[in-house]
Amino acid sequence: MIDILNILLTDSFWAASLRIATPLIFGVLGALICERSGTLNLGIEGIFVVGAMCGWMATWLGAGLWGGIIVAFICGAFFGLIHAVLTVPLGLSQHVSGLGITLFATSVSYFTYRTALPDVASPPRIEPFQPLDIPVLSDLPFVGLVLFQQTALTWLALLMVVLVWYVLNRTNLGLAIKAVGDNPNSVDAQGLSVYAIRMWAIVIGSALMALGGAFLTMSAFDAFFFGMVNGRGWVCIALVIFASWRPGKALIGALLFGAFDALQVRLQTEMGAFVPGQVFLMAPYVLSIVALVIAARSADYPRALLTPWFKGQR
Amino acid sequence: MISITRRFLLVVTLACSSVLMASASYADKIKVAAIYTLPVEQQWISRIHKALNTAASRGDIEYVYSENIANTDYERVMREYAEQGMQLIVGEVFGLERAARKVAKDYPDTAFLMGSSFTPVAPNFSVFDNWIHEPSYLSGMVAGAATSSNLIGMVGGYAIPEVNRLMHAFMDGAREVNPDVKFLVNFIDSWYDPPKAKESAFAMMDAGADVMYAERFGVSDAAVERGVKAIGNVIDTSGDYPGTIMASAIWHMEATIDKAVSRVADGSFEAADYGQYSFMAYGGGSLIMDESLMSSETAAAVKAREAEILDGLFRVNVNDARPTSDN
């Protein structure tokens with residue numbers, strides 16, 4: 001117990017938690033926007049891979065870091081558009097379409113990577129985002145390391161939380177997005193296009209997911225590898241339910257998962273001699289499930305989630 | 001979902017292999033196929049891929065390969081290559097030891113040379129592994145002499161015998177030159193998650209480690225960011241991290257591949273353990289050091305030990321048990 005307390009009191013632990021949480025914040029916000037408008041997007045794992053590959057590849061080809069981020073955003077939006085067309089106007093099964101997007105997006109990313117780099121000993125590296133050094137603030141005890149030595153993408157993720165919260169809760173657009181997820185007929189009665197709102201939500205949500213992937217190759221690391229997304233997208237799907245479809249809670253959920261993961265790494269190192277390492281490795285997932293069980297009891301599902309809507313039908 | 005994946009893989013594999021087969025025209029070369037569970041960039045696999053490419057460019061073999069094959073799909077790909085008349089199939093069966101031996105039994109005329117934790121099976125199933133515990137021991141000596149906090153961090157993929165063995169050899173080497181040294185050991189249960197490996201390395205450096213054993217991609221990057229030294233494993237990454245990688249235990253698969261190919265060529269291939277061809281005496285393993293990063297005494301001690309290993313005067317212990325942190 002003393003060990004755990006000691007770990008929890010160090011600033012490097014909290015800095016690591018925020019680093020690990022960053023891709024999840026993007027992912028969970030993206031999934032949240034999709035689901036708030038009534039569509040489950042299981043393409044998230046594949047869209048993470050697309051973002052990781054495209055962002056890194058564009059930067060490597062000379063687009064610059066922010067150019068890479070824009071490319072990742074657009075590529076994510078493209079795969080979101082496919083999902084949107086299949087599930088909104090065509091009304092196909094959201095599960096099947098989403099899983100199809102994941103398989104397709106992953107394969108296309110690998111195919112592109114291998115076609116572009118058929119014969120490399122190790123993948124080429126880019127100069128990734130560096131931790132921002134803010135005068136005075138970076139030197140503050142504790143918060144200096146935790147908050148003010150993160151990369152620009154972490155700040156972007158935190159900014160997105162605020163932005164998504166603001167749009168959903170303080171604008172007419174947010175009201176419309178929530179309404180198509182709860183009661184699309186009411187939106188239709190207002191003369192707004194349910195199709196357009198739902199599709200835009202999926203496209204923008206998917207673009208955000210791709211940024212989560214891009215963080216992995218452009219900030220957390222500096223090269224793309226097959227399989228490096230490693231289930232992070234699926235974690236986001238669970239975190240949305242934990243967050244009860246609210247951006248603030250989504251941030252807390254992602255941070256909680258990041259903290260569990262940062263903790264398991266440290267505990268495994270200290271206690272690996274007595275407890276099998278796998279126990280620690282599965283801890284973040286087990287604890288997420290436990291948190292989910294507790295939180296999901298009061299979860300307020302978007303009423304029209306998973307329900308396709310067709311104009312003129314009741 | 002599974003059927004879609006399998007069908008997709010089948011089509012892709014068939015398409016690839018037909019293209020590759022069409023380009024094959026020389027008759028007297030040995031037909032070699034390799035099957036990898038990960039991309040050819042992965043450290044361990046890259047060494048096999050390199051040795052086979054070398055043999056192919058020399059004109060000894062015709063080489064085709066499939067990468068990123070899931071363990072669940074591996075057996076099918078083995079059978080496909082065997083059916084296509086491949087003479088030698090190289091790969092890794094750590095995730096399907098029993099199934100792979102069944103395939104070999106069904107194709108007694110095909111030679112199999114597989115990375116495996118278990119024994120060969122007559123008549124045609126041979127095994128190999130990266131037995132580079134000797135250079136790992138030497139790299140441990142470098143690390144043991146370099147640490148001033150007496151704490152060395154080690155991040156591994158999976159705790160399987162071939163990983164554990166090299167880690168123990170490394171630890172033994174470090175203890176030889178520095179009896180006070182302690183180790184922090186962590187496994188990420190993935191071969192390929194650099195961000196995660198990096199976070200593990202950061203955690204160890206937060207705990208005081210000042211030399212990192214970089215078994216996985218990502219660890220050296222963390223070492224560079226914190227300005228500590230690292231020890232490489234299997235491949236030479238010193239060019240990517242100049243001034244950080246003090247020494248690396250390198251695996252050379254050429255000796256193993258060349259031996260197997262020549263045996264297939266003269267018809268003398270039989271089930272055997274090719275592990276020894278990764279030993280330093282056969283040129284299967286070697287140590288590279290950046291002597292500018294260590295004292296001349298350390299470099300001399302390591303070289304003396306290296307000579308003893310090559311002369312058969314010093315034997316590095318083999319310990320396949322999962323290593324754990326010292327507390």
# chains A, B, ... in the order shown; residues from 1 in each chain; ligands from 1
call {"tool": "interface_residues", "arguments": {"of": "chain B", "to": "chain A", "cutoff": "10 Å", "atoms": "only C-alpha atoms", "output": "number ranges by chain"}}
result
B: 1, 4-5, 8, 38-43, 46-47, 49-50, 68, 153-155, 159, 183-204, 206-207, 217-218, 221-222, 235, 237, 240, 322-327
call {"tool": "closest_residue", "arguments": {"among": "A:Trp66, A:Phe26, A:Trp309, A:Phe48", "to": "Asn183 of chain A", "atoms": "only C-alpha atoms"}}
result
A:Trp309
call {"tool": "atom_distance", "arguments": {"atom1": "atom CA of Tyr74 of chain B", "atom2": "atom CA of Gln87 of chain B"}}
result
17.7 Å
call {"tool": "select_by_dssp", "arguments": {"residues": "segment 111-151 of chain B", "states": "strand (DSSP E)", "output": "compact mmCIF listing (two decimals) with N, CA and C atoms, in the first residue's frame"}}
result
# COMPACT_ATOMS: atom_id res chain seq x y z
N ALA B 111 11.42 -29.79 -46.23
CA ALA B 111 12.24 -29.51 -45.05
C ALA B 111 11.66 -28.32 -44.30
N PHE B 112 11.52 -28.45 -42.99
CA PHE B 112 11.01 -27.35 -42.16
C PHE B 112 12.11 -26.91 -41.20
N LEU B 113 12.34 -25.60 -41.15
CA LEU B 113 13.31 -25.05 -40.20
C LEU B 113 12.58 -23.94 -39.45
N MET B 114 12.23 -24.22 -38.21
CA MET B 114 11.31 -23.33 -37.50
C MET B 114 11.89 -22.84 -36.18
N GLY B 115 11.68 -21.57 -35.91
CA GLY B 115 11.97 -21.04 -34.59
C GLY B 115 11.02 -21.67 -33.60
N PHE B 125 11.57 -31.99 -39.35
CA PHE B 125 11.24 -30.77 -38.61
C PHE B 125 12.42 -30.33 -37.75
N SER B 126 13.16 -29.35 -38.23
CA SER B 126 14.30 -28.83 -37.49
C SER B 126 13.93 -27.53 -36.78
N VAL B 127 14.66 -27.22 -35.74
CA VAL B 127 14.36 -26.01 -34.97
C VAL B 127 15.60 -25.12 -34.87
N PHE B 128 15.35 -23.83 -34.67
CA PHE B 128 16.45 -22.89 -34.41
C PHE B 128 15.94 -21.86 -33.40
N LEU B 151 21.33 0.44 -10.79
CA LEU B 151 19.98 0.00 -11.11
C LEU B 151 19.83 -0.01 -12.63
call {"tool": "residues_around", "arguments": {"residues": "Ile177 of chain A", "least_positions_apart": "4", "cutoff": "7 Å", "atoms": "only C-alpha atoms", "output": "PyMOL selection string"}}
result
chain A and resi 36-37+173+181+197
call {"tool": "residues_around", "arguments": {"residues": "Asn71 of chain B", "least_positions_apart": "3", "cutoff": "7 Å", "atoms": "only C-alpha atoms", "output": "ChimeraX atom specification"}}
result
/B:37,74,95-96
call {"tool": "closest_residue", "arguments": {"among": "B:Val264, B:Val142, B:Lys229, B:Arg58", "to": "Met86 of chain B", "atoms": "only C-alpha atoms"}}
result
B:Val264
call {"tool": "closest_residue", "arguments": {"among": "B:Leu310, B:Met171, B:Ile160, B:Ile231", "to": "Gly284 of chain B", "atoms": "only C-alpha atoms"}}
result
B:Leu310
call {"tool": "closest_residue", "arguments": {"among": "B:Ala82, B:Ala143, B:Ala255, B:Ala272", "to": "Met212 of chain B", "atoms": "only C-alpha atoms"}}
result
B:Ala143
call {"tool": "atom_distance", "arguments": {"atom1": "atom CA of Glu270 of chain B", "atom2": "atom CA of Val77 of chain B"}}
result
22.0 Å
call {"tool": "select_by_dssp", "arguments": {"residues": "segment 112-304 of chain B", "states": "helix (DSSP H, G or I)", "output": "ChimeraX atom specification"}}
result
/B:133-146,161-177,194-206,219-226,254-265,274-278,280-282,291-293,296-304
call {"tool": "write_last_selection", "arguments": {"atoms": "C-alpha atoms", "output": "mmCIF file, in the first residue's frame"}}
result
data_model
loop_
_atom_site.group_PDB
_atom_site.id
_atom_site.type_symbol
_atom_site.label_atom_id
_atom_site.label_comp_id
_atom_site.auth_asym_id
_atom_site.auth_seq_id
_atom_site.Cartn_x
_atom_site.Cartn_y
_atom_site.Cartn_z
ATOM 1 C CA HIS B 133 23.146 -15.439 -24.785
ATOM 2 C CA GLU B 134 26.915 -15.125 -25.215
ATOM 3 C CA PRO B 135 26.969 -11.601 -26.669
ATOM 4 C CA SER B 136 24.104 -10.731 -24.289
ATOM 5 C CA TYR B 137 26.396 -11.660 -21.395
ATOM 6 C CA LEU B 138 29.104 -9.405 -22.813
ATOM 7 C CA SER B 139 26.655 -6.524 -23.255
ATOM 8 C CA GLY B 140 25.660 -7.053 -19.616
ATOM 9 C CA MET B 141 29.284 -6.513 -18.590
ATOM 10 C CA VAL B 142 29.206 -3.157 -20.378
ATOM 11 C CA ALA B 143 25.966 -2.192 -18.625
ATOM 12 C CA GLY B 144 27.142 -3.332 -15.189
ATOM 13 C CA ALA B 145 30.247 -1.186 -15.451
ATOM 14 C CA ALA B 146 28.279 1.808 -16.738
ATOM 15 C CA PRO B 161 12.322 -18.819 -22.975
ATOM 16 C CA GLU B 162 14.208 -17.047 -25.779
ATOM 17 C CA VAL B 163 13.630 -13.653 -24.176
ATOM 18 C CA ASN B 164 14.249 -14.804 -20.602
ATOM 19 C CA ARG B 165 17.472 -16.568 -21.565
ATOM 20 C CA LEU B 166 19.016 -13.445 -23.042
ATOM 21 C CA MET B 167 17.877 -11.337 -20.106
ATOM 22 C CA HIS B 168 19.448 -13.747 -17.601
ATOM 23 C CA ALA B 169 22.693 -13.849 -19.556
ATOM 24 C CA PHE B 170 22.715 -10.052 -19.607
ATOM 25 C CA MET B 171 22.088 -9.925 -15.852
ATOM 26 C CA ASP B 172 24.843 -12.465 -15.174
ATOM 27 C CA GLY B 173 27.275 -10.388 -17.197
ATOM 28 C CA ALA B 174 26.353 -7.218 -15.313
ATOM 29 C CA ARG B 175 26.753 -8.971 -11.946
ATOM 30 C CA GLU B 176 30.196 -10.232 -12.908
ATOM 31 C CA VAL B 177 31.635 -6.718 -13.127
ATOM 32 C CA PRO B 194 6.534 1.177 -28.829
ATOM 33 C CA PRO B 195 4.482 3.776 -26.906
ATOM 34 C CA LYS B 196 3.865 1.200 -24.180
ATOM 35 C CA ALA B 197 7.498 0.071 -24.082
ATOM 36 C CA LYS B 198 8.466 3.721 -23.834
ATOM 37 C CA GLU B 199 6.152 4.297 -20.865
ATOM 38 C CA SER B 200 7.627 1.238 -19.108
ATOM 39 C CA ALA B 201 11.106 2.619 -19.663
ATOM 40 C CA PHE B 202 10.107 6.048 -18.322
ATOM 41 C CA ALA B 203 8.706 4.398 -15.188
ATOM 42 C CA MET B 204 11.992 2.565 -14.607
ATOM 43 C CA MET B 205 14.066 5.668 -15.099
ATOM 44 C CA ASP B 206 11.769 7.466 -12.653
ATOM 45 C CA VAL B 219 12.999 1.825 -24.919
ATOM 46 C CA SER B 220 15.981 3.478 -26.606
ATOM 47 C CA ASP B 221 13.788 6.458 -27.497
ATOM 48 C CA ALA B 222 12.911 6.921 -23.838
ATOM 49 C CA ALA B 223 16.610 6.605 -22.956
ATOM 50 C CA VAL B 224 17.500 9.331 -25.456
ATOM 51 C CA GLU B 225 14.865 11.678 -24.004
ATOM 52 C CA ARG B 226 16.218 11.248 -20.483
ATOM 53 C CA GLU B 254 23.225 -16.439 -41.987
ATOM 54 C CA ALA B 255 25.120 -19.371 -40.449
ATOM 55 C CA THR B 256 21.860 -21.202 -39.677
ATOM 56 C CA ILE B 257 20.241 -20.527 -43.058
ATOM 57 C CA ASP B 258 23.340 -21.386 -45.082
ATOM 58 C CA LYS B 259 23.755 -24.667 -43.218
ATOM 59 C CA ALA B 260 20.130 -25.657 -43.767
ATOM 60 C CA VAL B 261 20.159 -24.645 -47.443
ATOM 61 C CA SER B 262 23.313 -26.629 -48.166
ATOM 62 C CA ARG B 263 21.859 -29.683 -46.454
ATOM 63 C CA VAL B 264 18.663 -29.428 -48.495
ATOM 64 C CA ALA B 265 20.776 -29.021 -51.633
ATOM 65 C CA TYR B 274 20.211 -25.591 -35.354
ATOM 66 C CA GLY B 275 20.443 -23.504 -32.186
ATOM 67 C CA GLN B 276 24.210 -23.823 -31.992
ATOM 68 C CA TYR B 277 24.653 -21.954 -35.293
ATOM 69 C CA SER B 278 23.589 -18.815 -33.449
ATOM 70 C CA MET B 280 29.462 -16.869 -31.385
ATOM 71 C CA ALA B 281 31.790 -19.699 -32.397
ATOM 72 C CA TYR B 282 29.746 -20.183 -35.592
ATOM 73 C CA GLU B 291 34.076 2.173 -27.096
ATOM 74 C CA SER B 292 33.877 5.957 -26.883
ATOM 75 C CA LEU B 293 31.026 5.498 -24.375
ATOM 76 C CA SER B 296 39.152 1.402 -21.718
ATOM 77 C CA GLU B 297 39.294 -1.078 -18.806
ATOM 78 C CA THR B 298 35.687 -2.101 -19.444
ATOM 79 C CA ALA B 299 36.308 -2.526 -23.154
ATOM 80 C CA ALA B 300 39.422 -4.610 -22.428
ATOM 81 C CA ALA B 301 37.611 -6.830 -19.903
ATOM 82 C CA VAL B 302 34.768 -7.443 -22.347
ATOM 83 C CA LYS B 303 37.157 -8.282 -25.159
ATOM 84 C CA ALA B 304 39.075 -10.708 -22.935
#
call {"tool": "residues_around", "arguments": {"residues": "Met209 of chain A", "least_positions_apart": "3", "cutoff": "9 Å", "atoms": "only C-alpha atoms", "output": "ChimeraX atom specification"}}
result
/A:23-31,44-45,47-48,51,73,76,204-206,212-214,233
call {"tool": "residues_around", "arguments": {"residues": "Ala34 of chain B", "least_positions_apart": "6", "cutoff": "10 Å", "atoms": "only C-alpha atoms", "output": "MDAnalysis selection string"}}
result
chainID B and resid 48:49 52 63:67 77:78 81 86 88:92 112:114
call {"tool": "write_last_selection", "arguments": {"atoms": "C-alpha atoms", "output": "PDB file, in the first residue's frame"}}
result
ATOM      1  CA  ILE B  48      15.912 -14.178 -40.759  1.00  0.00           C
ATOM      2  CA  HIS B  49      14.622 -12.080 -43.645  1.00  0.00           C
ATOM      3  CA  LEU B  52      17.366 -15.339 -46.689  1.00  0.00           C
ATOM      4  CA  TYR B  63      12.906 -16.808 -51.749  1.00  0.00           C
ATOM      5  CA  VAL B  64       9.250 -15.994 -51.165  1.00  0.00           C
ATOM      6  CA  TYR B  65       7.635 -14.960 -47.909  1.00  0.00           C
ATOM      7  CA  SER B  66       4.374 -14.083 -46.175  1.00  0.00           C
ATOM      8  CA  GLU B  67       4.422 -11.616 -43.311  1.00  0.00           C
ATOM      9  CA  VAL B  77      -0.070 -20.991 -45.000  1.00  0.00           C
ATOM     10  CA  MET B  78       2.457 -23.720 -44.133  1.00  0.00           C
ATOM     11  CA  TYR B  81       3.649 -23.489 -49.371  1.00  0.00           C
ATOM     12  CA  MET B  86       8.656 -25.502 -51.588  1.00  0.00           C
ATOM     13  CA  LEU B  88      12.530 -25.531 -47.390  1.00  0.00           C
ATOM     14  CA  ILE B  89      10.028 -23.658 -45.219  1.00  0.00           C
ATOM     15  CA  VAL B  90      11.385 -21.290 -42.597  1.00  0.00           C
ATOM     16  CA  GLY B  91       9.359 -19.606 -39.884  1.00  0.00           C
ATOM     17  CA  GLU B  92       8.436 -19.418 -36.230  1.00  0.00           C
ATOM     18  CA  PHE B 112      11.010 -27.350 -42.160  1.00  0.00           C
ATOM     19  CA  LEU B 113      13.312 -25.045 -40.202  1.00  0.00           C
ATOM     20  CA  MET B 114      11.311 -23.335 -37.504  1.00  0.00           C
TER      21      MET B 114
END
call {"tool": "residues_around", "arguments": {"residues": "Ser238 of chain B", "least_positions_apart": "6", "cutoff": "10 Å", "atoms": "only C-alpha atoms", "output": "PyMOL selection string"}}
result
chain B and resi 220+230-232+244-248+288-290
call {"tool": "write_last_selection", "arguments": {"atoms": "N, CA and C atoms", "output": "JSON list (two decimals), in the first residue's frame"}}
result
[["chain", "number", "residue", "atom", "x", "y", "z"],
["B", 220, "SER", "N", 14.85, 2.60, -26.30],
["B", 220, "SER", "CA", 15.98, 3.48, -26.61],
["B", 220, "SER", "C", 15.52, 4.92, -26.78],
["B", 230, "ALA", "N", 21.75, 3.01, -23.21],
["B", 230, "ALA", "CA", 20.95, 1.81, -23.46],
["B", 230, "ALA", "C", 21.81, 0.72, -24.10],
["B", 231, "ILE", "N", 21.34, -0.51, -23.96],
["B", 231, "ILE", "CA", 22.00, -1.67, -24.55],
["B", 231, "ILE", "C", 21.05, -2.27, -25.58],
["B", 232, "GLY", "N", 21.53, -2.50, -26.78],
["B", 232, "GLY", "CA", 20.68, -3.02, -27.84],
["B", 232, "GLY", "C", 20.65, -4.54, -27.85],
["B", 244, "THR", "N", 23.84, 6.87, -27.48],
["B", 244, "THR", "CA", 22.97, 6.27, -26.46],
["B", 244, "THR", "C", 23.22, 4.77, -26.33],
["B", 245, "ILE", "N", 23.34, 4.09, -27.48],
["B", 245, "ILE", "CA", 23.54, 2.64, -27.46],
["B", 245, "ILE", "C", 25.02, 2.36, -27.20],
["B", 246, "MET", "N", 25.32, 1.79, -26.02],
["B", 246, "MET", "CA", 26.72, 1.51, -25.66],
["B", 246, "MET", "C", 27.20, 0.24, -26.33],
["B", 247, "ALA", "N", 26.33, -0.76, -26.36],
["B", 247, "ALA", "CA", 26.72, -2.05, -26.93],
["B", 247, "ALA", "C", 25.45, -2.77, -27.35],
["B", 248, "SER", "N", 25.58, -3.71, -28.29],
["B", 248, "SER", "CA", 24.43, -4.49, -28.72],
["B", 248, "SER", "C", 24.85, -5.93, -28.95],
["B", 288, "ILE", "N", 28.68, -5.78, -30.63],
["B", 288, "ILE", "CA", 29.29, -4.55, -31.12],
["B", 288, "ILE", "C", 29.24, -3.52, -29.98],
["B", 289, "MET", "N", 30.32, -2.77, -29.85],
["B", 289, "MET", "CA", 30.42, -1.80, -28.76],
["B", 289, "MET", "C", 30.79, -0.44, -29.34],
["B", 290, "ASP", "N", 30.32, 0.61, -28.66],
["B", 290, "ASP", "CA", 30.79, 1.95, -28.96],
["B", 290, "ASP", "C", 31.79, 2.30, -27.86]]
